[in-house]
Amino acid sequence: DRLAERSLQVASPNAVSFVKEAQHLKAELVDEKEIASANVYIKIMKLVTDRGERFPQNEVSRVKRLLQTKLSEDKKKELELRLNILQSFLPQEEVHNAAKEEL
């Protein structure tokens with residue numbers, strides 16, 4: 001989460017170094033759940049780099065719409081993990097506003 005926050009606070013040229021740092025940290029993991037989460041973090045970091053800082057907000061909306069459809073339990077868990085990780089890439093005020101909307 002901290003790496004995701006830092007990657008949003010710096011200019012785009014540094015984004016590649018954050019992806020490399022995340023890949024290095026992933027290599028040290030042994031737990032399969034942590035490795036799966038690291039893969040999602042890295043994928044989102046790359047997509048933010050490619051598509052811009054609005055990507056996380058757009059993706060949160062898309063994933064929430066998908067979660068409202070009929071899905072297998074495995075797919076639902078996968079999307080919930082992605083949604084949770086995407087929250088790390090949102091500015092804190094948006095996370096706070098989203099939490100208020102859910103209440």
# chains A, B, ... in the order shown; residues from 1 in each chain; ligands from 1
>>> residues_around(residues="A:Leu66", least_positions_apart="4", cutoff="9 Å", atoms="only C-alpha atoms", output="PyMOL selection string")
chain A and resi 61-62+70-71+76+79
>>> select_by_dssp(residues="stretch 22-89 of chain A", states="helix (DSSP H, G or I)", output="JSON, numbers by chain")
{"A": [22, 23, 24, 25, 26, 27, 32, 33, 34, 35, 36, 37, 38, 39, 40, 41, 42, 43, 44, 45, 46, 47, 48, 49, 50, 51, 55, 56, 57, 58, 59, 60, 61, 62, 63, 64, 65, 66, 67, 73, 74, 75, 76, 77, 78, 79, 80, 81, 82, 83, 84, 85, 86, 87]}
>>> write_last_selection(atoms="N, CA and C atoms", output="compact mmCIF listing (two decimals), in the first residue's frame")
# COMPACT_ATOMS: atom_id res chain seq x y z
N ALA A 22 8.63 -3.02 -6.71
CA ALA A 22 7.54 -3.94 -6.37
C ALA A 22 7.87 -5.36 -6.84
N GLN A 23 8.45 -5.48 -8.03
CA GLN A 23 8.83 -6.80 -8.53
C GLN A 23 9.92 -7.42 -7.66
N HIS A 24 10.85 -6.60 -7.20
CA HIS A 24 11.90 -7.08 -6.31
C HIS A 24 11.30 -7.57 -4.98
N LEU A 25 10.38 -6.79 -4.43
CA LEU A 25 9.73 -7.19 -3.18
C LEU A 25 8.92 -8.47 -3.36
N LYS A 26 8.27 -8.61 -4.51
CA LYS A 26 7.48 -9.81 -4.79
C LYS A 26 8.37 -11.05 -4.80
N ALA A 27 9.57 -10.91 -5.31
CA ALA A 27 10.49 -12.05 -5.39
C ALA A 27 10.84 -12.60 -4.01
N GLU A 32 1.46 -17.80 -1.12
CA GLU A 32 0.79 -17.69 -2.42
C GLU A 32 -0.22 -16.55 -2.49
N LYS A 33 -0.92 -16.28 -1.38
CA LYS A 33 -1.88 -15.17 -1.36
C LYS A 33 -1.16 -13.83 -1.51
N GLU A 34 -0.02 -13.71 -0.83
CA GLU A 34 0.76 -12.47 -0.94
C GLU A 34 1.32 -12.30 -2.34
N ILE A 35 1.74 -13.39 -2.96
CA ILE A 35 2.26 -13.33 -4.34
C ILE A 35 1.15 -12.91 -5.29
N ALA A 36 -0.05 -13.46 -5.10
CA ALA A 36 -1.19 -13.08 -5.94
C ALA A 36 -1.50 -11.60 -5.78
N SER A 37 -1.48 -11.11 -4.55
CA SER A 37 -1.72 -9.68 -4.31
C SER A 37 -0.63 -8.83 -4.95
N ALA A 38 0.62 -9.27 -4.82
CA ALA A 38 1.73 -8.53 -5.42
C ALA A 38 1.57 -8.45 -6.93
N ASN A 39 1.11 -9.54 -7.54
CA ASN A 39 0.89 -9.53 -8.99
C ASN A 39 -0.14 -8.47 -9.38
N VAL A 40 -1.20 -8.36 -8.59
CA VAL A 40 -2.24 -7.37 -8.87
C VAL A 40 -1.69 -5.96 -8.69
N TYR A 41 -0.94 -5.73 -7.62
CA TYR A 41 -0.33 -4.42 -7.40
C TYR A 41 0.55 -4.02 -8.60
N ILE A 42 1.39 -4.95 -9.03
CA ILE A 42 2.31 -4.66 -10.13
C ILE A 42 1.54 -4.38 -11.41
N LYS A 43 0.52 -5.17 -11.68
CA LYS A 43 -0.28 -4.97 -12.88
C LYS A 43 -0.95 -3.59 -12.86
N ILE A 44 -1.50 -3.21 -11.72
CA ILE A 44 -2.16 -1.91 -11.60
C ILE A 44 -1.13 -0.79 -11.75
N MET A 45 0.04 -0.95 -11.14
CA MET A 45 1.09 0.07 -11.28
C MET A 45 1.44 0.29 -12.76
N LYS A 46 1.57 -0.81 -13.50
CA LYS A 46 1.89 -0.70 -14.92
C LYS A 46 0.75 -0.01 -15.68
N LEU A 47 -0.49 -0.36 -15.34
CA LEU A 47 -1.63 0.25 -16.02
C LEU A 47 -1.75 1.74 -15.70
N VAL A 48 -1.45 2.13 -14.47
CA VAL A 48 -1.46 3.55 -14.11
C VAL A 48 -0.40 4.28 -14.92
N THR A 49 0.76 3.66 -15.06
CA THR A 49 1.84 4.26 -15.84
C THR A 49 1.42 4.42 -17.31
N ASP A 50 0.77 3.41 -17.86
CA ASP A 50 0.37 3.44 -19.27
C ASP A 50 -0.85 4.32 -19.53
N ARG A 51 -1.84 4.24 -18.64
CA ARG A 51 -3.13 4.90 -18.92
C ARG A 51 -3.35 6.20 -18.15
N PHE A 55 -6.78 6.12 -14.14
CA PHE A 55 -7.07 4.69 -14.29
C PHE A 55 -7.68 4.07 -13.03
N PRO A 56 -7.12 4.30 -11.84
CA PRO A 56 -7.71 3.64 -10.65
C PRO A 56 -9.18 3.99 -10.43
N GLN A 57 -9.55 5.26 -10.60
CA GLN A 57 -10.94 5.66 -10.40
C GLN A 57 -11.86 4.97 -11.42
N ASN A 58 -11.42 4.94 -12.67
CA ASN A 58 -12.22 4.29 -13.71
C ASN A 58 -12.34 2.79 -13.46
N GLU A 59 -11.25 2.19 -13.03
CA GLU A 59 -11.25 0.75 -12.79
C GLU A 59 -12.11 0.38 -11.58
N VAL A 60 -12.11 1.22 -10.54
CA VAL A 60 -12.97 0.98 -9.38
C VAL A 60 -14.43 0.93 -9.83
N SER A 61 -14.82 1.89 -10.66
CA SER A 61 -16.20 1.92 -11.17
C SER A 61 -16.52 0.66 -11.97
N ARG A 62 -15.60 0.25 -12.82
CA ARG A 62 -15.81 -0.93 -13.66
C ARG A 62 -15.93 -2.19 -12.81
N VAL A 63 -15.04 -2.34 -11.83
CA VAL A 63 -15.06 -3.54 -10.99
C VAL A 63 -16.33 -3.59 -10.13
N LYS A 64 -16.76 -2.43 -9.62
CA LYS A 64 -18.00 -2.40 -8.83
C LYS A 64 -19.19 -2.83 -9.68
N ARG A 65 -19.22 -2.39 -10.94
CA ARG A 65 -20.32 -2.82 -11.83
C ARG A 65 -20.26 -4.33 -12.06
N LEU A 66 -19.07 -4.86 -12.27
CA LEU A 66 -18.93 -6.30 -12.47
C LEU A 66 -19.37 -7.10 -11.25
N LEU A 67 -19.08 -6.58 -10.07
CA LEU A 67 -19.45 -7.29 -8.84
C LEU A 67 -20.96 -7.36 -8.65
N GLU A 73 -17.87 -17.75 -7.39
CA GLU A 73 -17.27 -17.32 -6.13
C GLU A 73 -15.80 -16.96 -6.31
N ASP A 74 -15.08 -17.74 -7.12
CA ASP A 74 -13.66 -17.46 -7.35
C ASP A 74 -13.47 -16.11 -8.04
N LYS A 75 -14.28 -15.84 -9.05
CA LYS A 75 -14.18 -14.57 -9.77
C LYS A 75 -14.55 -13.41 -8.86
N LYS A 76 -15.56 -13.61 -8.04
CA LYS A 76 -15.98 -12.57 -7.10
C LYS A 76 -14.85 -12.24 -6.13
N LYS A 77 -14.19 -13.27 -5.60
CA LYS A 77 -13.07 -13.05 -4.68
C LYS A 77 -11.92 -12.33 -5.38
N GLU A 78 -11.66 -12.71 -6.62
CA GLU A 78 -10.59 -12.08 -7.40
C GLU A 78 -10.89 -10.58 -7.61
N LEU A 79 -12.14 -10.27 -7.95
CA LEU A 79 -12.51 -8.87 -8.17
C LEU A 79 -12.53 -8.08 -6.86
N GLU A 80 -12.92 -8.70 -5.77
CA GLU A 80 -12.90 -8.02 -4.47
C GLU A 80 -11.46 -7.70 -4.06
N LEU A 81 -10.54 -8.63 -4.32
CA LEU A 81 -9.13 -8.37 -4.05
C LEU A 81 -8.64 -7.19 -4.89
N ARG A 82 -9.00 -7.20 -6.17
CA ARG A 82 -8.59 -6.11 -7.08
C ARG A 82 -9.15 -4.77 -6.61
N LEU A 83 -10.41 -4.77 -6.19
CA LEU A 83 -11.03 -3.55 -5.71
C LEU A 83 -10.33 -3.04 -4.45
N ASN A 84 -10.01 -3.94 -3.55
CA ASN A 84 -9.31 -3.57 -2.33
C ASN A 84 -7.94 -2.96 -2.65
N ILE A 85 -7.22 -3.56 -3.56
CA ILE A 85 -5.90 -3.06 -3.94
C ILE A 85 -6.02 -1.73 -4.67
N LEU A 86 -7.02 -1.59 -5.50
CA LEU A 86 -7.23 -0.32 -6.21
C LEU A 86 -7.41 0.85 -5.24
N GLN A 87 -7.98 0.58 -4.07
CA GLN A 87 -8.17 1.63 -3.07
C GLN A 87 -6.83 2.26 -2.68
>>> atom_distance(atom1="atom CA of A:Pro91", atom2="atom CA of A:Val16")
19.8 Å
>>> decode(residues="stretch 31-83 of chain A", atoms="C-alpha atoms", output="mmCIF file, in the first residue's frame")
data_model
loop_
_atom_site.group_PDB
_atom_site.id
_atom_site.type_symbol
_atom_site.label_atom_id
_atom_site.label_comp_id
_atom_site.auth_asym_id
_atom_site.auth_seq_id
_atom_site.Cartn_x
_atom_site.Cartn_y
_atom_site.Cartn_z
ATOM 1 C CA ASP A 31 2.952 -17.053 0.656
ATOM 2 C CA GLU A 32 0.788 -17.691 -2.424
ATOM 3 C CA LYS A 33 -1.875 -15.171 -1.364
ATOM 4 C CA GLU A 34 0.760 -12.475 -0.939
ATOM 5 C CA ILE A 35 2.260 -13.329 -4.335
ATOM 6 C CA ALA A 36 -1.189 -13.082 -5.940
ATOM 7 C CA SER A 37 -1.720 -9.681 -4.305
ATOM 8 C CA ALA A 38 1.728 -8.533 -5.418
ATOM 9 C CA ASN A 39 0.888 -9.531 -8.992
ATOM 10 C CA VAL A 40 -2.243 -7.369 -8.873
ATOM 11 C CA TYR A 41 -0.327 -4.416 -7.397
ATOM 12 C CA ILE A 42 2.310 -4.659 -10.132
ATOM 13 C CA LYS A 43 -0.285 -4.966 -12.883
ATOM 14 C CA ILE A 44 -2.158 -1.910 -11.605
ATOM 15 C CA MET A 45 1.089 0.067 -11.284
ATOM 16 C CA LYS A 46 1.885 -0.695 -14.924
ATOM 17 C CA LEU A 47 -1.627 0.255 -16.023
ATOM 18 C CA VAL A 48 -1.460 3.551 -14.112
ATOM 19 C CA THR A 49 1.841 4.261 -15.844
ATOM 20 C CA ASP A 50 0.375 3.436 -19.268
ATOM 21 C CA ARG A 51 -3.126 4.899 -18.916
ATOM 22 C CA GLY A 52 -2.609 7.753 -16.477
ATOM 23 C CA GLU A 53 -3.610 8.656 -12.951
ATOM 24 C CA ARG A 54 -7.367 8.445 -13.694
ATOM 25 C CA PHE A 55 -7.072 4.687 -14.286
ATOM 26 C CA PRO A 56 -7.709 3.638 -10.653
ATOM 27 C CA GLN A 57 -10.944 5.662 -10.403
ATOM 28 C CA ASN A 58 -12.215 4.288 -13.708
ATOM 29 C CA GLU A 59 -11.252 0.748 -12.785
ATOM 30 C CA VAL A 60 -12.971 0.978 -9.383
ATOM 31 C CA SER A 61 -16.203 1.921 -11.168
ATOM 32 C CA ARG A 62 -15.812 -0.929 -13.664
ATOM 33 C CA VAL A 63 -15.056 -3.542 -10.986
ATOM 34 C CA LYS A 64 -18.000 -2.404 -8.834
ATOM 35 C CA ARG A 65 -20.318 -2.817 -11.831
ATOM 36 C CA LEU A 66 -18.926 -6.300 -12.472
ATOM 37 C CA LEU A 67 -19.454 -7.286 -8.841
ATOM 38 C CA GLN A 68 -23.150 -6.542 -9.235
ATOM 39 C CA THR A 69 -23.465 -9.211 -11.937
ATOM 40 C CA LYS A 70 -23.699 -12.963 -11.527
ATOM 41 C CA LEU A 71 -20.189 -14.317 -10.957
ATOM 42 C CA SER A 72 -18.573 -17.481 -9.696
ATOM 43 C CA GLU A 73 -17.274 -17.319 -6.129
ATOM 44 C CA ASP A 74 -13.660 -17.459 -7.353
ATOM 45 C CA LYS A 75 -14.177 -14.573 -9.774
ATOM 46 C CA LYS A 76 -15.979 -12.572 -7.105
ATOM 47 C CA LYS A 77 -13.069 -13.049 -4.677
ATOM 48 C CA GLU A 78 -10.595 -12.077 -7.403
ATOM 49 C CA LEU A 79 -12.512 -8.870 -8.168
ATOM 50 C CA GLU A 80 -12.900 -8.020 -4.474
ATOM 51 C CA LEU A 81 -9.129 -8.370 -4.049
ATOM 52 C CA ARG A 82 -8.593 -6.113 -7.081
ATOM 53 C CA LEU A 83 -11.032 -3.549 -5.705
#
